[in-house]
>>> print(open('target03.txt').read())   # compact mmCIF, N, CA and C atoms
# COMPACT_ATOMS: atom_id res chain seq x y z
N MET A 878 -38.87 35.03 19.21
CA MET A 878 -38.57 33.63 19.50
C MET A 878 -37.75 33.57 20.79
N ASN A 879 -38.32 32.94 21.81
CA ASN A 879 -37.61 32.77 23.08
C ASN A 879 -36.79 31.49 23.04
N THR A 880 -35.62 31.54 23.64
CA THR A 880 -34.77 30.35 23.69
C THR A 880 -34.62 29.91 25.13
N GLU A 881 -34.83 28.63 25.35
CA GLU A 881 -34.63 28.01 26.66
C GLU A 881 -33.57 26.94 26.47
N SER A 882 -32.77 26.70 27.46
CA SER A 882 -31.72 25.68 27.37
C SER A 882 -31.91 24.62 28.43
N ALA A 883 -31.42 23.43 28.13
CA ALA A 883 -31.41 22.33 29.08
C ALA A 883 -30.25 21.42 28.70
N TYR A 884 -29.79 20.63 29.63
CA TYR A 884 -28.71 19.70 29.37
C TYR A 884 -29.26 18.28 29.40
N MET A 885 -28.68 17.43 28.56
CA MET A 885 -29.07 16.05 28.52
C MET A 885 -28.17 15.24 29.44
N THR A 886 -28.77 14.31 30.19
CA THR A 886 -27.99 13.46 31.08
C THR A 886 -27.37 12.31 30.29
N SER A 887 -26.54 11.54 30.95
CA SER A 887 -25.90 10.39 30.30
C SER A 887 -26.94 9.35 29.87
N LYS A 888 -28.12 9.39 30.45
CA LYS A 888 -29.20 8.46 30.10
C LYS A 888 -30.11 9.04 29.01
N GLY A 889 -29.77 10.22 28.48
CA GLY A 889 -30.58 10.82 27.44
C GLY A 889 -31.78 11.59 27.95
N GLN A 890 -31.83 11.85 29.24
CA GLN A 890 -32.97 12.57 29.81
C GLN A 890 -32.74 14.07 29.76
N VAL A 891 -33.82 14.80 29.52
CA VAL A 891 -33.77 16.25 29.46
C VAL A 891 -34.92 16.79 30.32
N VAL A 892 -34.63 17.83 31.08
CA VAL A 892 -35.67 18.48 31.87
C VAL A 892 -36.22 19.64 31.06
N ILE A 893 -37.52 19.62 30.82
CA ILE A 893 -38.16 20.72 30.10
C ILE A 893 -38.29 21.88 31.08
N PRO A 894 -37.83 23.07 30.69
CA PRO A 894 -37.89 24.21 31.61
C PRO A 894 -39.30 24.44 32.16
N ALA A 895 -39.37 24.82 33.43
CA ALA A 895 -40.64 25.00 34.13
C ALA A 895 -41.57 25.97 33.42
N ARG A 896 -41.03 27.04 32.87
CA ARG A 896 -41.87 28.03 32.19
C ARG A 896 -42.62 27.38 31.03
N LEU A 897 -41.94 26.53 30.28
CA LEU A 897 -42.58 25.85 29.15
C LEU A 897 -43.57 24.79 29.61
N ARG A 898 -43.23 24.09 30.69
CA ARG A 898 -44.17 23.09 31.24
C ARG A 898 -45.47 23.77 31.66
N ARG A 899 -45.36 24.92 32.33
CA ARG A 899 -46.57 25.65 32.75
C ARG A 899 -47.34 26.17 31.55
N LYS A 900 -46.62 26.78 30.61
CA LYS A 900 -47.26 27.38 29.44
C LYS A 900 -48.06 26.36 28.63
N TYR A 901 -47.50 25.15 28.48
CA TYR A 901 -48.15 24.14 27.64
C TYR A 901 -48.89 23.07 28.46
N GLY A 902 -49.00 23.28 29.76
CA GLY A 902 -49.76 22.36 30.61
C GLY A 902 -49.19 20.95 30.66
N LEU A 903 -47.87 20.84 30.63
CA LEU A 903 -47.24 19.53 30.66
C LEU A 903 -47.16 19.03 32.09
N LYS A 904 -47.62 17.83 32.28
CA LYS A 904 -47.61 17.19 33.59
C LYS A 904 -46.83 15.88 33.49
N GLU A 905 -46.51 15.31 34.62
CA GLU A 905 -45.84 14.01 34.63
C GLU A 905 -46.69 13.02 33.84
N GLY A 906 -46.05 12.28 32.96
CA GLY A 906 -46.76 11.29 32.16
C GLY A 906 -47.26 11.81 30.82
N THR A 907 -47.12 13.12 30.56
CA THR A 907 -47.53 13.65 29.25
C THR A 907 -46.66 13.03 28.17
N ARG A 908 -47.29 12.51 27.15
CA ARG A 908 -46.54 11.91 26.04
C ARG A 908 -45.97 13.03 25.17
N LEU A 909 -44.74 12.83 24.69
CA LEU A 909 -44.07 13.79 23.82
C LEU A 909 -43.66 13.09 22.53
N ASN A 910 -43.96 13.69 21.40
CA ASN A 910 -43.49 13.20 20.11
C ASN A 910 -42.28 14.02 19.71
N PHE A 911 -41.29 13.36 19.10
CA PHE A 911 -40.12 14.04 18.57
C PHE A 911 -40.19 13.94 17.06
N VAL A 912 -40.28 15.08 16.39
CA VAL A 912 -40.44 15.13 14.95
C VAL A 912 -39.17 15.70 14.33
N GLU A 913 -38.59 14.97 13.38
CA GLU A 913 -37.40 15.46 12.67
C GLU A 913 -37.84 16.25 11.45
N GLU A 914 -37.27 17.42 11.27
CA GLU A 914 -37.53 18.20 10.07
C GLU A 914 -36.36 19.13 9.79
N ASP A 915 -35.83 19.02 8.59
CA ASP A 915 -34.75 19.90 8.13
C ASP A 915 -33.55 19.95 9.08
N GLY A 916 -33.07 18.80 9.52
CA GLY A 916 -31.88 18.75 10.35
C GLY A 916 -32.07 19.19 11.79
N ARG A 917 -33.30 19.29 12.23
CA ARG A 917 -33.58 19.64 13.63
C ARG A 917 -34.73 18.77 14.10
N PHE A 918 -35.00 18.77 15.38
CA PHE A 918 -36.17 18.04 15.84
C PHE A 918 -37.04 18.94 16.69
N VAL A 919 -38.31 18.67 16.63
CA VAL A 919 -39.32 19.45 17.33
C VAL A 919 -39.96 18.54 18.36
N VAL A 920 -40.12 19.03 19.57
CA VAL A 920 -40.80 18.28 20.62
C VAL A 920 -42.26 18.71 20.61
N GLN A 921 -43.17 17.75 20.37
CA GLN A 921 -44.60 18.05 20.29
C GLN A 921 -45.32 17.31 21.41
N PRO A 922 -45.81 18.05 22.42
CA PRO A 922 -46.58 17.37 23.47
C PRO A 922 -47.90 16.86 22.90
N VAL A 923 -48.25 15.63 23.25
CA VAL A 923 -49.52 15.05 22.80
C VAL A 923 -50.54 15.31 23.91
N THR A 924 -51.22 16.44 23.79
CA THR A 924 -52.22 16.84 24.77
C THR A 924 -53.62 16.75 24.15
N LYS A 925 -54.64 16.95 24.94
CA LYS A 925 -56.01 16.94 24.42
C LYS A 925 -56.17 18.01 23.34
N GLU A 926 -55.56 19.16 23.54
CA GLU A 926 -55.64 20.25 22.55
C GLU A 926 -54.98 19.83 21.23
N TYR A 927 -53.84 19.17 21.32
CA TYR A 927 -53.14 18.72 20.11
C TYR A 927 -53.99 17.71 19.35
N ILE A 928 -54.56 16.75 20.07
CA ILE A 928 -55.40 15.74 19.44
C ILE A 928 -56.64 16.40 18.84
N SER A 929 -57.24 17.35 19.54
CA SER A 929 -58.43 18.05 19.04
C SER A 929 -58.13 18.83 17.77
N SER A 930 -56.89 19.26 17.58
CA SER A 930 -56.54 20.04 16.40
C SER A 930 -56.69 19.23 15.11
N PHE A 931 -56.80 17.91 15.21
CA PHE A 931 -56.94 17.07 14.03
C PHE A 931 -58.40 16.87 13.62
N ARG A 932 -59.33 17.34 14.43
CA ARG A 932 -60.75 17.17 14.10
C ARG A 932 -61.08 17.78 12.75
N GLY A 933 -61.73 16.98 11.92
CA GLY A 933 -62.23 17.48 10.65
C GLY A 933 -61.23 17.53 9.51
N ILE A 934 -59.96 17.17 9.73
CA ILE A 934 -59.00 17.30 8.63
C ILE A 934 -59.26 16.30 7.52
N PHE A 935 -59.94 15.19 7.82
CA PHE A 935 -60.24 14.20 6.80
C PHE A 935 -61.68 14.29 6.32
N LYS A 936 -62.39 15.29 6.77
CA LYS A 936 -63.79 15.45 6.39
C LYS A 936 -63.87 15.78 4.91
N SER A 937 -64.79 15.06 4.22
CA SER A 937 -64.93 15.33 2.79
C SER A 937 -65.73 16.59 2.54
N LYS A 938 -65.44 17.20 1.42
CA LYS A 938 -66.14 18.41 1.02
C LYS A 938 -67.49 18.02 0.43
N PRO A 939 -68.46 18.94 0.42
CA PRO A 939 -69.76 18.62 -0.14
C PRO A 939 -69.62 18.10 -1.58
N GLY A 940 -70.29 16.97 -1.87
CA GLY A 940 -70.23 16.37 -3.19
C GLY A 940 -69.10 15.38 -3.36
N GLU A 941 -68.14 15.36 -2.45
CA GLU A 941 -67.03 14.41 -2.52
C GLU A 941 -67.43 13.12 -1.80
N LYS A 942 -66.89 12.01 -2.30
CA LYS A 942 -67.09 10.74 -1.62
C LYS A 942 -66.01 10.60 -0.55
N SER A 943 -66.37 9.95 0.53
CA SER A 943 -65.37 9.68 1.56
C SER A 943 -64.46 8.57 1.07
N VAL A 944 -63.30 8.46 1.66
CA VAL A 944 -62.36 7.41 1.30
C VAL A 944 -62.99 6.05 1.55
N VAL A 945 -63.73 5.94 2.64
CA VAL A 945 -64.40 4.67 2.97
C VAL A 945 -65.42 4.33 1.89
N GLN A 946 -66.20 5.32 1.46
CA GLN A 946 -67.20 5.08 0.42
C GLN A 946 -66.53 4.63 -0.88
N GLU A 947 -65.43 5.27 -1.26
CA GLU A 947 -64.70 4.87 -2.46
C GLU A 947 -64.19 3.44 -2.34
N LEU A 948 -63.66 3.09 -1.18
CA LEU A 948 -63.17 1.73 -0.94
C LEU A 948 -64.30 0.72 -1.06
N LEU A 949 -65.45 1.02 -0.46
CA LEU A 949 -66.59 0.11 -0.54
C LEU A 949 -67.05 -0.06 -1.99
N GLU A 950 -67.09 1.02 -2.75
CA GLU A 950 -67.50 0.94 -4.16
C GLU A 950 -66.49 0.13 -4.98
N ASP A 951 -65.20 0.35 -4.73
CA ASP A 951 -64.16 -0.42 -5.43
C ASP A 951 -64.29 -1.91 -5.13
N ARG A 952 -64.52 -2.22 -3.86
CA ARG A 952 -64.66 -3.64 -3.46
C ARG A 952 -65.91 -4.25 -4.09
N ALA A 953 -67.01 -3.50 -4.17
CA ALA A 953 -68.23 -4.01 -4.79
C ALA A 953 -67.99 -4.27 -6.28
N ALA A 954 -67.28 -3.37 -6.97
CA ALA A 954 -66.97 -3.56 -8.38
C ALA A 954 -66.07 -4.78 -8.57
N GLU A 955 -65.10 -4.93 -7.68
CA GLU A 955 -64.20 -6.09 -7.75
C GLU A 955 -64.99 -7.39 -7.55
N ARG A 956 -65.89 -7.39 -6.59
CA ARG A 956 -66.72 -8.57 -6.32
C ARG A 956 -67.59 -8.90 -7.54
N ALA A 957 -68.15 -7.86 -8.18
CA ALA A 957 -68.98 -8.08 -9.37
C ALA A 957 -68.15 -8.69 -10.50
N ARG A 958 -66.91 -8.21 -10.69
CA ARG A 958 -66.02 -8.78 -11.72
C ARG A 958 -65.73 -10.26 -11.42
N GLU A 959 -65.45 -10.55 -10.14
CA GLU A 959 -65.18 -11.93 -9.75
C GLU A 959 -66.39 -12.82 -10.01
N ASP A 960 -67.58 -12.33 -9.66
CA ASP A 960 -68.81 -13.09 -9.88
C ASP A 960 -69.04 -13.36 -11.36
N ARG A 961 -68.79 -12.35 -12.22
CA ARG A 961 -68.95 -12.53 -13.66
C ARG A 961 -67.97 -13.58 -14.19
N LYS A 962 -66.73 -13.54 -13.71
CA LYS A 962 -65.72 -14.50 -14.14
C LYS A 962 -66.11 -15.91 -13.72
N ILE A 963 -66.61 -16.07 -12.50
CA ILE A 963 -67.04 -17.39 -12.04
C ILE A 963 -68.20 -17.89 -12.90
N ALA A 964 -69.15 -17.01 -13.20
CA ALA A 964 -70.28 -17.40 -14.04
C ALA A 964 -69.82 -17.81 -15.44
N GLU A 965 -68.87 -17.08 -16.01
CA GLU A 965 -68.33 -17.44 -17.33
C GLU A 965 -67.63 -18.78 -17.29
N ASP A 966 -66.84 -19.01 -16.24
CA ASP A 966 -66.11 -20.27 -16.12
C ASP A 966 -67.08 -21.45 -15.99
N ARG A 967 -68.21 -21.27 -15.33
CA ARG A 967 -69.20 -22.33 -15.16
C ARG A 967 -69.87 -22.67 -16.50
N ARG A 968 -70.03 -21.66 -17.35
CA ARG A 968 -70.66 -21.87 -18.65
C ARG A 968 -69.76 -22.66 -19.59
N LYS A 969 -68.49 -22.64 -19.37
CA LYS A 969 -67.53 -23.32 -20.27
C LYS A 969 -67.51 -24.79 -20.06
>>> encode(input="target03.txt", output="structure tokens")
Amino acid sequence: MNTESAYMTSKGQVVIPARLRRKYGLKEGTRLNFVEEDGRFVVQPVTKEYISSFRGIFKSKPGEKSVVQELLEDRAAERAREDRKIAEDRRK
């Protein structure tokens, strides 16, 4: 584990060491997320590689329904219940 240091200015600005900027391809305008975990924070650059790492994490397994499919089925069942209730109310 390599340690790099930087100082924060009175405005809360920190300069990311050049070695880390080069290593992670950080350029001016790169968005950075700050994540708190266990009393510390992690700086996560939002790069194309970071975004690409999320590909497929919500993909359903074979035989599983997607969340969207489940939602559509739930809504269809709810609509059918509402239609039955309206039909019953009309008969009364």
>>> select_by_dssp(input="target03.txt", residues="segment 890-964 of chain A", states="strand (DSSP E)", output="list in words")
Arg908, Leu909, Asn910, Phe911, Val912, Glu913, Glu914, Arg917, Phe918, Val919, Val920, Gln921, Pro922 and Val923 of chain A
>>> write_last_selection(input="target03.txt", atoms="N, CA and C atoms", output="short mmCIF file (atom, residue, chain, number, x, y, z; two decimals), in the frame of the given file")
data_model
loop_
_atom_site.label_atom_id
_atom_site.label_comp_id
_atom_site.auth_asym_id
_atom_site.auth_seq_id
_atom_site.Cartn_x
_atom_site.Cartn_y
_atom_site.Cartn_z
N ARG A 908 -47.29 12.51 27.15
CA ARG A 908 -46.54 11.91 26.04
C ARG A 908 -45.97 13.03 25.17
N LEU A 909 -44.74 12.83 24.69
CA LEU A 909 -44.07 13.79 23.82
C LEU A 909 -43.66 13.09 22.53
N ASN A 910 -43.96 13.69 21.40
CA ASN A 910 -43.49 13.20 20.11
C ASN A 910 -42.28 14.02 19.71
N PHE A 911 -41.29 13.36 19.10
CA PHE A 911 -40.12 14.04 18.57
C PHE A 911 -40.19 13.94 17.06
N VAL A 912 -40.28 15.08 16.39
CA VAL A 912 -40.44 15.13 14.95
C VAL A 912 -39.17 15.70 14.33
N GLU A 913 -38.59 14.97 13.38
CA GLU A 913 -37.40 15.46 12.67
C GLU A 913 -37.84 16.25 11.45
N GLU A 914 -37.27 17.42 11.27
CA GLU A 914 -37.53 18.20 10.07
C GLU A 914 -36.36 19.13 9.79
N ARG A 917 -33.30 19.29 12.23
CA ARG A 917 -33.58 19.64 13.63
C ARG A 917 -34.73 18.77 14.10
N PHE A 918 -35.00 18.77 15.38
CA PHE A 918 -36.17 18.04 15.84
C PHE A 918 -37.04 18.94 16.69
N VAL A 919 -38.31 18.67 16.63
CA VAL A 919 -39.32 19.45 17.33
C VAL A 919 -39.96 18.54 18.36
N VAL A 920 -40.12 19.03 19.57
CA VAL A 920 -40.80 18.28 20.62
C VAL A 920 -42.26 18.71 20.61
N GLN A 921 -43.17 17.75 20.37
CA GLN A 921 -44.60 18.05 20.29
C GLN A 921 -45.32 17.31 21.41
N PRO A 922 -45.81 18.05 22.42
CA PRO A 922 -46.58 17.37 23.47
C PRO A 922 -47.90 16.86 22.90
N VAL A 923 -48.25 15.63 23.25
CA VAL A 923 -49.52 15.05 22.80
C VAL A 923 -50.54 15.31 23.91
#
>>> select_by_dssp(input="target03.txt", residues="chain A", states="helix (DSSP H, G or I)", output="PyMOL selection string")
chain A and resi 895-900+925-929+944-968
>>> atom_distance(input="target03.txt", atom1="atom CA of Gly933 of chain A", atom2="atom CA of Arg899 of chain A")
28.3 Å
>>> closest_residue(input="target03.txt", among="A:Val923, A:Glu955, A:Leu897, A:Met878", to="Leu909 of chain A", atoms="all atoms listed in the file")
A:Val923
>>> atom_distance(input="target03.txt", atom1="atom CA of Ile893 of chain A", atom2="atom CA of Arg917 of chain A")
17.1 Å
>>> residues_around(input="target03.txt", residues="Val920 of chain A", least_positions_apart="5", cutoff="9 Å", atoms="only C-alpha atoms", output="ChimeraX atom specification")
/A:909-912
>>> atom_distance(input="target03.txt", atom1="atom CA of Lys936 of chain A", atom2="atom CA of Tyr901 of chain A")
27.8 Å
>>> residues_around(input="target03.txt", residues="Ala883 of chain A", least_positions_apart="3", cutoff="10 Å", atoms="only C-alpha atoms", output="list in words")
Thr886, Gln890, Val891, Val892, Ile893 and Pro894 of chain A
